[in-house]
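**Q** If it helps, the file is called structure31.cif and holds mmCIF, C-alpha atoms:
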```cif
data_data
loop_
_atom_site.label_atom_id
_atom_site.label_comp_id
_atom_site.auth_asym_id
_atom_site.auth_seq_id
_atom_site.Cartn_x
_atom_site.Cartn_y
_atom_site.Cartn_z
CA MET A 21 33.73 62.51 -46.45
CA PRO A 22 33.41 62.42 -42.63
CA HIS A 23 36.56 61.82 -40.62
CA THR A 24 37.58 61.06 -37.08
CA ARG A 25 40.16 63.16 -35.27
CA VAL A 26 43.05 61.01 -34.09
CA ASN A 27 45.64 62.17 -31.58
CA PHE A 28 49.22 60.96 -31.66
CA GLY A 29 52.30 61.15 -29.47
CA PRO A 30 52.51 63.76 -26.72
CA ARG A 31 48.98 65.01 -27.41
CA ALA A 32 47.46 61.57 -26.69
CA GLN A 33 49.95 60.36 -24.11
CA GLY A 34 50.49 63.55 -22.16
CA PRO A 35 53.99 64.70 -21.23
CA MET A 36 56.72 62.25 -22.28
CA SER A 37 60.40 61.80 -21.42
CA ILE A 38 63.11 61.25 -24.04
CA GLY A 39 62.96 57.52 -23.25
CA GLU A 40 59.19 57.43 -23.70
CA LEU A 41 59.44 59.37 -26.96
CA SER A 42 62.14 56.94 -28.11
CA ASP A 43 59.85 53.98 -27.41
CA ALA A 44 56.85 55.66 -29.02
CA PHE A 45 58.55 56.73 -32.23
CA GLY A 46 61.40 54.23 -32.55
CA LEU A 47 64.05 56.96 -32.60
CA ASP A 48 67.35 57.05 -30.74
CA ALA A 49 67.92 59.48 -27.88
CA SER A 50 70.46 61.63 -29.76
CA THR A 51 67.98 62.22 -32.59
CA LEU A 52 65.25 63.06 -30.10
CA ASN A 53 67.52 65.42 -28.17
CA ARG A 54 68.19 67.38 -31.38
CA GLN A 55 64.53 67.37 -32.41
CA THR A 56 63.17 68.35 -29.00
CA ALA A 57 65.75 71.14 -28.72
CA ALA A 58 64.63 72.50 -32.09
CA ALA A 59 60.95 72.13 -31.12
CA MET A 60 61.63 73.99 -27.86
CA ARG A 61 63.41 76.83 -29.71
CA ALA A 62 60.37 77.08 -32.01
CA GLY A 63 58.02 77.21 -29.01
CA LEU A 64 56.24 73.97 -29.96
CA VAL A 65 57.10 71.97 -26.83
CA GLU A 66 58.24 72.82 -23.32
CA ARG A 67 60.28 70.84 -20.81
CA ILE A 68 58.55 70.30 -17.48
CA PRO A 69 59.13 68.30 -14.30
CA ASP A 70 57.49 64.87 -14.36
CA PRO A 71 53.88 65.46 -13.21
CA GLU A 72 54.00 62.05 -11.50
CA GLY A 73 57.09 62.96 -9.48
CA GLY A 74 59.66 60.94 -11.44
CA MET A 75 63.23 62.12 -11.91
CA ALA A 76 63.18 62.55 -15.70
CA ARG A 77 62.09 65.84 -17.20
CA LYS A 78 59.26 65.51 -19.67
CA PHE A 79 58.19 67.34 -22.79
CA ARG A 80 54.71 68.77 -23.18
CA ILE A 81 53.23 70.25 -26.33
CA THR A 82 52.56 73.99 -26.06
CA ASP A 83 49.39 75.74 -27.18
CA GLU A 84 51.28 76.93 -30.27
CA GLY A 85 52.50 73.38 -30.94
CA ALA A 86 48.95 72.07 -30.61
CA ARG A 87 47.65 74.74 -33.00
CA MET A 88 50.35 73.88 -35.55
CA LEU A 89 49.67 70.13 -35.18
CA ASP A 90 45.93 70.69 -35.65
CA ALA A 91 46.49 72.89 -38.74
CA GLU A 92 48.82 70.30 -40.29
CA ARG A 93 46.39 67.48 -39.58
CA GLU A 94 43.48 69.47 -41.03
CA GLY A 95 45.50 70.14 -44.19
CA LEU A 96 46.22 66.43 -44.58
CA VAL A 97 42.56 65.57 -44.03
CA ARG A 98 41.49 68.12 -46.67
CA SER A 99 44.00 66.61 -49.12
CA LEU A 100 42.67 63.11 -48.48
CA GLU A 101 39.11 64.34 -48.88
CA ARG A 102 40.02 65.74 -52.33
CA VAL A 103 41.70 62.48 -53.37
CA MET A 104 38.78 60.36 -52.16
CA ALA A 105 35.96 62.70 -53.20
CA ASP A 106 34.54 60.18 -55.67
CA TRP A 107 35.15 57.09 -53.53
CA SER A 108 32.18 55.20 -52.13
CA ASP A 109 31.80 54.76 -48.37
CA GLU A 110 32.56 51.07 -48.94
CA ASP A 111 35.81 51.90 -50.75
CA ILE A 112 36.88 54.29 -47.98
CA SER A 113 36.08 51.71 -45.28
CA GLY A 114 37.99 49.02 -47.17
CA PHE A 115 41.00 51.30 -47.68
CA ALA A 116 40.99 52.26 -43.98
CA ALA A 117 40.86 48.60 -42.93
CA TYR A 118 43.77 47.65 -45.19
CA LEU A 119 45.79 50.68 -44.10
CA ARG A 120 45.18 49.81 -40.42
CA ARG A 121 46.28 46.22 -41.10
CA PHE A 122 49.35 47.41 -43.03
CA ASN A 123 50.45 49.76 -40.23
CA THR A 124 49.75 47.18 -37.52
CA ASP A 125 51.88 44.60 -39.35
CA ILE A 126 54.73 47.07 -39.83
CA GLU A 127 54.69 47.79 -36.09
CA ARG A 128 54.51 44.07 -35.25
CA LEU A 129 57.45 43.22 -37.53
CA GLY A 130 59.42 46.05 -35.96
CA GLY A 131 58.81 44.59 -32.49
CA ARG A 132 56.53 47.49 -31.55
CA PRO A 133 53.00 46.06 -31.40
CA TRP A 134 50.08 48.45 -31.72
CA PRO A 135 48.27 49.65 -29.80
CA ARG A 136 51.01 50.31 -27.29
CA PRO A 137 50.36 49.51 -23.65
#
```
Could you rewrite the structure in this file as structure tokens?
**A**
Amino acid sequence: MPHTRVNFGPRAQGPMSIGELSDAFGLDASTLNRQTAAAMRAGLVERIPDPEGGMARKFRITDEGARMLDAEREGLVRSLERVMADWSDEDISGFAAYLRRFNTDIERLGGRPWPRP
């Protein structure tokens, strides 16, 4: 089953501040502060000055974080490929369309329309 690589969060957006991460993931700042601190300790993200000259520090995924993200994503894709091994292309396309609609509606109901500006 062919698949398309999709990038999420800091990989797609570039460096993001706590406020931007909060908007992107719908999490409060205290949760993000704990999670980014843990991710920094693990070497998955690094804190950098805003490349655009803003006051807020931003977080950027490290090479190790990108490798881990890619490995996790590849594992998920392999799992989906096993589940859908006997599905027709039409079934896969239909499932993808309904899943896209489902996720879009969840975001809309949560006041976070997709795609984000």
**Q** When you look at stretch 45-61 of chain A with a cut-off of 9 Å (counting only C-alpha atoms), what residues show up, excluding the ones that are within fewer than 5 positions of it in the same chain? I need them as a PDB file with C-alpha atoms, in the coordinates of the input.
**A**
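In the end it all went to selection17.pdb:
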```pdb
ATOM      1  CA  GLY A  29      52.300  61.150 -29.470  1.00  0.00           C
ATOM      2  CA  ILE A  38      63.110  61.250 -24.040  1.00  0.00           C
ATOM      3  CA  GLY A  39      62.960  57.520 -23.250  1.00  0.00           C
ATOM      4  CA  GLU A  40      59.190  57.430 -23.700  1.00  0.00           C
ATOM      5  CA  GLU A  66      58.240  72.820 -23.320  1.00  0.00           C
ATOM      6  CA  ARG A  67      60.280  70.840 -20.810  1.00  0.00           C
ATOM      7  CA  PHE A  79      58.190  67.340 -22.790  1.00  0.00           C
ATOM      8  CA  GLY A  85      52.500  73.380 -30.940  1.00  0.00           C
ATOM      9  CA  ARG A 132      56.530  47.490 -31.550  1.00  0.00           C
TER      10      ARG A 132
END
```
**Q** Please indicate the distance in Å from atom CA of A:Leu64 to atom CA of A:Ser42, rounded to one decimal place.
**A**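 Separation of atom CA of A:Leu64 and atom CA of A:Ser42: 18.1 Å.
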**Q** Using only C-alpha atoms, which protein or nucleic acid residues come within 12 Å of A:Gly74? Drop anything in the same chain fewer than 5 positions from it, and give the result as a list in words.
**A**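 Selected residues are Pro35, Met36, Ser37, Ile68 and Pro69 of chain A.
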**Q** In Å, rounded to a single decimal, give me how far atom CA of A:Ala86 is from atom CA of A:Gly63.
**A**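 For atom CA of A:Gly63 relative to atom CA of A:Ala86, the distance reads 10.5 Å.
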**Q** Take atom CA of A:Leu100 and atom CA of A:Leu119 and report the distance between them in Å, one decimal.
**A**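 Interatomic distance, atom CA of A:Leu100 to atom CA of A:Leu119: 13.5 Å.
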**Q** Calculated over only C-alpha atoms, which of the candidates A:Met88, A:Ala44, A:Leu129, A:Ala105 has the smallest distance to A:Val65?
**A**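 Checking each of A:Met88, A:Ala44, A:Leu129, A:Ala105 against A:Val65, counting only C-alpha atoms, the winner is A:Met88.
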